[in-house]
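Novice: If you scroll down you'll find the structure; I have some questions about it.
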Number of protein chains: 4
Amino acid sequence: MAVDLAQEPDVAELARRTAEFVRDHVIGVEVEHGGVVPSDDVRAHLQQAAKDAGVFAPHVSAEFGGHGLDMRGRAAVFEEAGYSLLGPLALNIAAPDEGNMHMLEAIATPAQKERYLRPLASGEVRSCFAMTEPAPGAGSDPAALTTRAERVDGGWRINGRKWFITGAEGAGFTICMARTSGEPGDAGGATMFLVEEDNPGLKVVRHIETLDESLYGGHIELEFDDCVVPDEAVLGEVDQGFRYAQVRLGPARMTHCMRWLGIARRAQDIAVARAAERRLFGSRLGDLGMVQQMIADNEIDIAASRGLILRACWELDRGEHASQSTSIAKTFCAEAIWRVVDRSIQICGSLGISGDLLLGRFLREVRPFRVYDGPSETHRWAIARRVLRRHEKNAR
Amino acid sequence: MAVDLAQEPDVAELARRTAEFVRDHVIGVEVEHGGVVPSDDVRAHLQQAAKDAGVFAPHVSAEFGGHGLDMRGRAAVFEEAGYSLLGPLALNIAAPDEGNMHMLEAIATPAQKERYLRPLASGEVRSCFAMTEPAPGAGSDPAALTTRAERVDGGWRINGRKWFITGAEGAGFTICMARTSGEPGDAGGATMFLVEEDNPGLKVVRHIETLDESLYGGHIELEFDDCVVPDEAVLGEVDQGFRYAQVRLGPARMTHCMRWLGIARRAQDIAVARAAERRLFGSRLGDLGMVQQMIADNEIDIAASRGLILRACWELDRGEHASQSTSIAKTFCAEAIWRVVDRSIQICGSLGISGDLLLGRFLREVRPFRVYDGPSETHRWAIARRVLRRHEKNAR
Amino acid sequence: MAVDLAQEPDVAELARRTAEFVRDHVIGVEVEHGGVVPSDDVRAHLQQAAKDAGVFAPHVSAEFGGHGLDMRGRAAVFEEAGYSLLGPLALNIAAPDEGNMHMLEAIATPAQKERYLRPLASGEVRSCFAMTEPAPGAGSDPAALTTRAERVDGGWRINGRKWFITGAEGAGFTICMARTSGEPGDAGGATMFLVEEDNPGLKVVRHIETLDESLYGGHIELEFDDCVVPDEAVLGEVDQGFRYAQVRLGPARMTHCMRWLGIARRAQDIAVARAAERRLFGSRLGDLGMVQQMIADNEIDIAASRGLILRACWELDRGEHASQSTSIAKTFCAEAIWRVVDRSIQICGSLGISGDLLLGRFLREVRPFRVYDGPSETHRWAIARRVLRRHEKNAR
Amino acid sequence: MAVDLAQEPDVAELARRTAEFVRDHVIGVEVEHGGVVPSDDVRAHLQQAAKDAGVFAPHVSAEFGGHGLDMRGRAAVFEEAGYSLLGPLALNIAAPDEGNMHMLEAIATPAQKERYLRPLASGEVRSCFAMTEPAPGAGSDPAALTTRAERVDGGWRINGRKWFITGAEGAGFTICMARTSGEPGDAGGATMFLVEEDNPGLKVVRHIETLDESLYGGHIELEFDDCVVPDEAVLGEVDQGFRYAQVRLGPARMTHCMRWLGIARRAQDIAVARAAERRLFGSRLGDLGMVQQMIADNEIDIAASRGLILRACWELDRGEHASQSTSIAKTFCAEAIWRVVDRSIQICGSLGISGDLLLGRFLREVRPFRVYDGPSETHRWAIARRVLRRHEKNAR
């Protein structure tokens, strides 16, 4: 039982077929629409194609129509799906649905699974995860949570404002994190609620314009205004919301990395193709030292990202919290992927910043990853704190 | 006569008034339109306001309605104008018009000045500079120029394709660089031609989508298709085009730096305002070490950029070619300004990537500066070559 | 058989015991002597202690007294040994002996193994590998090899000059790479020769002073002056030297990375201990954001290095050439380790540059790793070339 | 009175002669001794040569035998002196003597000037500045000062420990900073004392080994053990020590930058010479893109450093505190100079890390500059704080 980096044969095969599917069925649509899915029709068309190709919902258990991949398997398959901005949507593994499915499988009741997970896993509905709040609420510091749910007869009444809620436009349901005990600043006391689209207490305040535009359903500001939900809307146990958020966050962090790593590889491939064909100053672009340096640094960043993702996934699959390794992987990948896309643009010159290639679009899409799911600074702080605590423990 | 870094009093005063003008009359319009001037009306309105404020066309000689600033003076004033994406357009010092005015003043005949420079300097018409060609034509390597002008009776016939021609949409005239002798790859043999908007041989092929969108008149692909111009359309002397391009390029490189330095300062101010007000983890954002590091690095990058610009401008004002110092300043500034905007976004977190602030827009606008006017790699190559040549000369 | 990152239990146990041995028996000696082994006595003492602890020569097969670790196993154990500058010498896995043992096991004849490998594996003698030559000979470009071996009756006569030959002072034998066919610049035509210490044709020209000083036996300039060796001195086949050098270089690259990764971890531990105890501006040093950033970046660099090493080792153990993955790992690790040591110094402030801590010594020792075994630039060039070739192959 | 970057003619001439002097009289000695002055004889010989060449003590007023250069003038001349590690000692402008002369001229009484400044300015004696203390005393945070001076009859009794006191070995006198009121942590309450070499209360505890070795007189740990000094030993006014330290620190920060900038230029020249002559892979080293990139980045770093130094010097010469501009310049220069030396080594490959060139020595000498005179982190913190305060002031 030595160290082994080979994926299981069926995972490798699924990854190969996913790559093929993306190349044959997704990239054409992506290029046509400049990387942004324009309508539910296109979304439905892509998802049907993924079902036909047998690559749909690879992370969901067979019971709900998927392939039941563990985190290591996802690392292989999601990277291939992420090779196009539209690949994750096609496979139904885009954020935030993918993380929500992961969490629902882990903690929902059987009835909740039937009602929410099944249509979500099939692509029939979409969902969102309403956590982040405008200042001074929950942002980089989740404990600042201010949205509040109060006991009412047979259920709860939620009040509060959320923003940057990805995918909320048109989502069939929202998983809302609200404070059920304690005060803003307290570490615990949060509960997750399943809020349906037609709940009159749930209001879309506005669509927030952002640098990125490819996440389907946008980034939305929501208001929960005397939003009443029944007891069955509680996901998991009352006051355990932060603990469940961890269940969601560690893996979700990694699946973000996997998908964006696919885009990094794509950017590199576009740049390398350009470097192989373009001639400048009597040389092939790819024979100029500074271009070679950028190509090599891309390759290094991609390889290092992949190694860190795999390490964290292996730990997660062993049932570990993997807080340190997911923080490390997330921080490195978010910055490395950004560098890769940026260098790829530089290699392609003015073409790189034009719409003739998708690189400018990629740059816009990956920039926010250094901010969401914990800004790099927050992760670095957490990483250092754990190192110092480890030192203190050893020193005792 | 020791080293003195103080601007002349009247320049300092003009810079101060420009800053005031931008703050009071431009930023509101910029925010309203998300950083992109939507119409000629808005452009005309802004320019009129600049005229009223007495800050219009500061680089043009008094004869043509300006303040006659030398390069050092422009360094002070353009940076203030650049504090808003719309400031340069308001002052009529945006690319490419500003560089074209500079060149026309230097080399046009009196008749050409009346016909082209005067309306350009007053903002009545806009212009463009058609140099860059699709591969394998003139890009990073100007000598690859393939657009050709042949002698015809009483004039010239131009054929060729140009792209990424900034501001070409709606430009009253185009300064077109075409080969009048030699073959692609030859160092000389280019001539500049003044081609008017209504010339039937000048065709807009398409508007090229790019990451940046704030340069008025877009980035255009043009075709010169048997485009016949009279002898009076020759700007400067036949076959001296590359030499004139140098006249334009050195200063134009610096004015780009000045304007974008303004945006870097603006981004820093936005980030600092946010860091001063936002609280996180029980601290003010601006009291967290990693945020302080980003603020400090921004400050350092801005100061270093300013120093390099001033050095190059001083050399240019002394009549030196300043090839090395403008290459150094351009390379450093393009990268430093990019870093400043990127760090400012990071400081502001999710707000930084949203349209609620203009930082994402700034990021899109400054990215191309590392590519146009010579990609960083081309400048580094040129810088190193000059260093090596200097060494060889000294070694002899 | 899914991806598994757990080391085999006996490897994990050997790594654990190695860590213990280094902590209990090596670090004291290292600190006493400032990181540089002062004499053969100290070397012998350390090696005896390693034998007593059962951790000696872990990479050599049992037949020659070792533990027969494959590359993945070495990754775990060598990193622990490398936690002290003296650990590798104590375990007899220091460069260049370790790489020479690896190569001798792979290609020497049984007689050569008895004569050279056995005493080398037991620590009785040391060895060196004479490849690099002064300009214009073999450096970053091995094909430039100029040292020449000519056929003489019953053997070969070697003439040429080598420099930066690590460990040559006092080495019992030298493996000399010499050209037996072709001309400098040709890709093939090299042969390896085993030259014994007392060969009158082998002369130490000088001890080259270098920034690093901890590699035992120094960096030496050697002259082969009509150095005659018998036919039995040929290691492997005639004219196959470059191929064998690859056998040595890939793994040797990785074992360098492993050992230096140990020093990076050590530097981080020293810095973290300091950050945990030192107070500044009313805070613990480790609570200041910029210090936390350095600690976190160290942790990230260490984790990413380890992942890249493991990937390359796994490929090597599968019998692959692993040229790309060893180049990637070497380039990244050499730079990451350097950054870690540099940041650790910065965290410790003036103490960090003093002899009171060993960090300044570490900095001196790791700097050359970005140059030897192929400078980063050569590896980046090779990495990019392979990427471009892969693209061309796929494009066909 | 526009911006002017030309040095006054006599300053330019002195800089030219200094460069000539260093080339003709200093570099030979430097190379012979590996960059470290071995004895007072060599020091005396170098200083006599500087006197003969008319370039000695350029910063001291004519009254004390110098040229009376202001800070801008020093920027030009010190950079030339710094082109060799031994240049500053030869000109008597090495740390800490140079800063001490600056301060003595500014605040000493006429009698103190005669007794201390005159022999110091002539090179007859050396001096040191005893400020830094072991933790938890004054380090990055001067207010933590714990060395204490108590009133005794006719003078003061000093007790405390200082370390990293540069040049203390053999110094004729020490300027000791001690607390005369308040407690450690208080912002004020320090006084400067002139303590002579033969004072029985002043003891050298030990010579601290450091990465750098070229500052004459070493880095020393000192003990003030009931060290009694007369009232005339007070430098400036009682309790005003921190204010005077600022007088010394701002300019001293800049003169460090100037001298090390000279070394950066030297490193670049060594690397460029190598790049011009060495051939690799069929090209001249200097024609390889990655090498050109390093050469260009060196050139950019040097130019940017020079610009920042000049800005700070100009402000200092105008009588401003220049805290922000000296912090910016110091932080950037310390890191830029380090990068330049590091890249120069990389360009030269194995030769770069050998004693055959002095680059490894330079690397060791410049590394501490990122720590002393305020670590980069402390300066960044101070820079950011000033930016935030400026924002708050403007916001009001």
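We name chains A, B, ... following the order of the structure tokens; residues begin at 1 in each chain, and ligands are numbered from 1 as shown.
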Show me, as a PyMOL selection string, every residue of chain B with an atom at most 9 Å from chain D, counting only C-alpha atoms.
Specialist: chain B and resi 1-9+72-73+269+272-273+275-276+286-287+289+291-297+299-301+303-308+310-311+314-315+325+328-329+331-332+377+379-385+387-388+391-392+395
Novice: Contacts of Arg253 (chain C) at 7 Å or less, counting only C-alpha atoms, minus same-chain residues fewer than 5 places along, as an MDAnalysis selection string?
Specialist: chainID C and resid 326 330 373
Novice: Among region 7-45 of chain D, which residues carry a DSSP assignment of alpha helix (DSSP H), reported as a PyMOL selection string?
Specialist: chain D and resi 9-21+27-32+40-45
Novice: Write out as a ChimeraX atom specification the set of residues from region 169-371 of chain D that DSSP, computed on the backbone, places in strand (DSSP E).
Specialist: /D:173-179,190-196,202-207,219-230,234-235,279-280,283-284
Novice: Selected residues, N, CA and C atoms, written as a CSV table (one decimal), in the first residue's frame, please.
Specialist:
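Output file part-v4.csv is given in full below:
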chain,number,residue,atom,x,y,z
D,173,PHE,N,34.7,56.4,20.2
D,173,PHE,CA,33.6,56.8,21.1
D,173,PHE,C,32.2,56.2,20.6
D,174,THR,N,31.3,56.1,21.6
D,174,THR,CA,30.0,55.5,21.3
D,174,THR,C,28.9,56.6,21.6
D,175,ILE,N,28.0,56.7,20.8
D,175,ILE,CA,26.8,57.6,21.1
D,175,ILE,C,25.7,56.6,21.6
D,176,CYS,N,25.5,56.8,22.9
D,176,CYS,CA,24.6,55.8,23.6
D,176,CYS,C,23.2,56.5,23.8
D,177,MET,N,22.2,55.8,23.4
D,177,MET,CA,20.8,56.2,23.7
D,177,MET,C,20.3,55.6,24.9
D,178,ALA,N,20.0,56.4,25.9
D,178,ALA,CA,19.5,55.8,27.2
D,178,ALA,C,18.3,56.6,27.7
D,179,ARG,N,17.5,55.9,28.4
D,179,ARG,CA,16.2,56.5,28.9
D,179,ARG,C,16.5,57.3,30.2
D,190,ALA,N,14.3,59.9,26.1
D,190,ALA,CA,15.6,59.3,25.8
D,190,ALA,C,16.6,60.5,25.7
D,191,THR,N,17.8,60.2,26.0
D,191,THR,CA,18.9,61.1,25.9
D,191,THR,C,20.1,60.4,25.3
D,192,MET,N,20.9,61.2,24.5
D,192,MET,CA,22.1,60.7,23.9
D,192,MET,C,23.3,61.1,24.7
D,193,PHE,N,24.2,60.1,24.9
D,193,PHE,CA,25.4,60.3,25.6
D,193,PHE,C,26.7,59.9,24.8
D,194,LEU,N,27.7,60.8,24.9
D,194,LEU,CA,29.0,60.5,24.2
D,194,LEU,C,29.8,59.7,25.2
D,195,VAL,N,30.1,58.4,25.0
D,195,VAL,CA,30.9,57.6,25.9
D,195,VAL,C,32.2,57.2,25.2
D,196,GLU,N,33.3,57.5,26.0
D,196,GLU,CA,34.6,57.3,25.3
D,196,GLU,C,35.0,55.9,25.5
D,202,LEU,N,32.1,50.7,30.1
D,202,LEU,CA,31.6,50.2,28.8
D,202,LEU,C,32.4,49.0,28.4
D,203,LYS,N,31.6,47.9,28.2
D,203,LYS,CA,32.2,46.6,28.0
D,203,LYS,C,31.7,45.9,26.7
D,204,VAL,N,32.7,45.4,26.0
D,204,VAL,CA,32.3,44.6,24.8
D,204,VAL,C,32.0,43.2,25.3
D,205,VAL,N,30.7,42.8,25.1
D,205,VAL,CA,30.3,41.4,25.6
D,205,VAL,C,30.7,40.4,24.6
D,206,ARG,N,30.5,40.7,23.3
D,206,ARG,CA,30.9,39.7,22.3
D,206,ARG,C,30.7,40.3,20.9
D,207,HIS,N,31.4,39.7,20.0
D,207,HIS,CA,31.3,40.0,18.6
D,207,HIS,C,30.2,39.1,18.0
D,219,HIS,N,29.6,43.8,14.3
D,219,HIS,CA,28.3,44.0,15.0
D,219,HIS,C,28.5,43.5,16.4
D,220,ILE,N,28.4,44.4,17.4
D,220,ILE,CA,28.9,44.1,18.8
D,220,ILE,C,27.8,44.1,19.8
D,221,GLU,N,27.9,43.2,20.8
D,221,GLU,CA,27.0,43.3,21.9
D,221,GLU,C,27.8,44.1,23.0
D,222,LEU,N,27.2,45.1,23.5
D,222,LEU,CA,27.9,46.0,24.5
D,222,LEU,C,27.1,46.0,25.8
D,223,GLU,N,27.9,46.1,26.9
D,223,GLU,CA,27.2,46.3,28.2
D,223,GLU,C,27.6,47.7,28.8
D,224,PHE,N,26.6,48.4,29.2
D,224,PHE,CA,26.9,49.6,30.0
D,224,PHE,C,26.6,49.2,31.5
D,225,ASP,N,27.7,49.1,32.2
D,225,ASP,CA,27.6,48.6,33.6
D,225,ASP,C,28.1,49.7,34.6
D,226,ASP,N,27.1,50.4,35.1
D,226,ASP,CA,27.4,51.6,36.0
D,226,ASP,C,28.4,52.5,35.2
D,227,CYS,N,28.1,52.8,34.1
D,227,CYS,CA,29.0,53.6,33.2
D,227,CYS,C,28.7,55.0,33.5
D,228,VAL,N,29.7,55.7,34.1
D,228,VAL,CA,29.5,57.1,34.5
D,228,VAL,C,30.1,58.0,33.5
D,229,VAL,N,29.3,59.0,33.1
D,229,VAL,CA,29.8,60.0,32.2
D,229,VAL,C,29.5,61.4,32.7
D,230,PRO,N,30.3,62.4,32.4
D,230,PRO,CA,30.1,63.8,32.9
D,230,PRO,C,29.0,64.5,32.2
D,234,VAL,N,26.5,64.8,27.5
D,234,VAL,CA,25.2,64.8,27.0
D,234,VAL,C,25.2,65.4,25.6
D,235,LEU,N,24.7,64.7,24.6
D,235,LEU,CA,24.6,65.3,23.2
D,235,LEU,C,23.2,65.8,23.0
D,279,ARG,N,29.1,32.1,-23.8
D,279,ARG,CA,28.3,31.5,-24.9
D,279,ARG,C,27.6,30.2,-24.3
D,280,LEU,N,26.3,30.0,-24.7
D,280,LEU,CA,25.6,28.9,-24.2
D,280,LEU,C,24.5,28.5,-25.2
D,283,SER,N,24.3,30.4,-28.3
D,283,SER,CA,24.0,31.9,-28.3
D,283,SER,C,24.9,32.5,-27.2
D,284,ARG,N,25.0,33.9,-27.4
D,284,ARG,CA,25.6,34.6,-26.3
D,284,ARG,C,24.7,34.6,-25.2
Novice: Name all residues at most 8 Å from region 31-37 of chain D (count only C-alpha atoms; drop same-chain ones fewer than 2 positions away) and give them as a PDB file with N, CA and C atoms, in the first residue's frame.
Specialist:
ATOM      1  N   ILE D  27      38.953  49.070  -5.948  1.00  0.00           N
ATOM      2  CA  ILE D  27      38.484  47.744  -6.364  1.00  0.00           C
ATOM      3  C   ILE D  27      39.593  46.699  -6.288  1.00  0.00           C
ATOM      4  N   GLY D  28      40.795  47.085  -6.589  1.00  0.00           N
ATOM      5  CA  GLY D  28      41.912  46.143  -6.493  1.00  0.00           C
ATOM      6  C   GLY D  28      42.055  45.614  -5.068  1.00  0.00           C
ATOM      7  N   VAL D  29      41.994  46.512  -4.107  1.00  0.00           N
ATOM      8  CA  VAL D  29      42.109  46.116  -2.700  1.00  0.00           C
ATOM      9  C   VAL D  29      40.911  45.248  -2.295  1.00  0.00           C
ATOM     10  N   SER D  39      42.298  45.065   8.166  1.00  0.00           N
ATOM     11  CA  SER D  39      43.117  45.673   9.225  1.00  0.00           C
ATOM     12  C   SER D  39      43.036  47.193   9.161  1.00  0.00           C
ATOM     13  N   VAL D  42      45.106  48.714   6.277  1.00  0.00           N
ATOM     14  CA  VAL D  42      44.468  48.797   4.970  1.00  0.00           C
ATOM     15  C   VAL D  42      43.468  49.958   4.958  1.00  0.00           C
ATOM     16  N   ARG D  43      42.730  50.077   6.056  1.00  0.00           N
ATOM     17  CA  ARG D  43      41.784  51.188   6.165  1.00  0.00           C
ATOM     18  C   ARG D  43      42.510  52.536   6.030  1.00  0.00           C
ATOM     19  N   LEU D  85      32.544  47.627  -2.105  1.00  0.00           N
ATOM     20  CA  LEU D  85      32.254  47.469  -0.673  1.00  0.00           C
ATOM     21  C   LEU D  85      33.189  48.312   0.178  1.00  0.00           C
ATOM     22  N   LEU D  86      34.383  48.600  -0.354  1.00  0.00           N
ATOM     23  CA  LEU D  86      35.368  49.331   0.431  1.00  0.00           C
ATOM     24  C   LEU D  86      35.360  50.833   0.171  1.00  0.00           C
ATOM     25  N   GLU D 213      29.751  40.829   6.620  1.00  0.00           N
ATOM     26  CA  GLU D 213      31.015  40.930   7.354  1.00  0.00           C
ATOM     27  C   GLU D 213      31.823  42.151   6.958  1.00  0.00           C
ATOM     28  N   SER D 214      31.273  42.985   6.078  1.00  0.00           N
ATOM     29  CA  SER D 214      32.146  44.048   5.551  1.00  0.00           C
ATOM     30  C   SER D 214      32.079  45.353   6.326  1.00  0.00           C
ATOM     31  N   LEU D 215      31.127  45.496   7.236  1.00  0.00           N
ATOM     32  CA  LEU D 215      31.102  46.756   7.986  1.00  0.00           C
ATOM     33  C   LEU D 215      32.203  46.726   9.030  1.00  0.00           C
ATOM     34  N   TYR D 216      33.099  47.672   8.938  1.00  0.00           N
ATOM     35  CA  TYR D 216      34.316  47.648   9.756  1.00  0.00           C
ATOM     36  C   TYR D 216      33.983  47.847  11.229  1.00  0.00           C
ATOM     37  N   GLY D 355      33.615  32.330  -5.199  1.00  0.00           N
ATOM     38  CA  GLY D 355      34.452  33.448  -4.776  1.00  0.00           C
ATOM     39  C   GLY D 355      35.219  34.072  -5.927  1.00  0.00           C
ATOM     40  N   LEU D 358      32.631  38.527  -6.848  1.00  0.00           N
ATOM     41  CA  LEU D 358      32.295  38.966  -5.494  1.00  0.00           C
ATOM     42  C   LEU D 358      30.789  38.942  -5.225  1.00  0.00           C
ATOM     43  N   ARG D 361      29.469  37.463  -1.990  1.00  0.00           N
ATOM     44  CA  ARG D 361      29.787  38.401  -0.906  1.00  0.00           C
ATOM     45  C   ARG D 361      28.773  39.550  -0.867  1.00  0.00           C
TER      46      ARG D 361
END
Novice: CA of Gln240 (chain A) and CA of Thr146 (chain A) are how many Å apart?
Specialist: 15.7 Å
Novice: Restricting the calculation to only C-alpha atoms, which member of B:His256, B:Pro200, B:Ser344, B:Gly189 is positioned closest to Asp239 (chain B)?
Specialist: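 Of B:His256, B:Pro200, B:Ser344, B:Gly189, the one nearest Asp239 (chain B), counting only C-alpha atoms, is B:Gly189.
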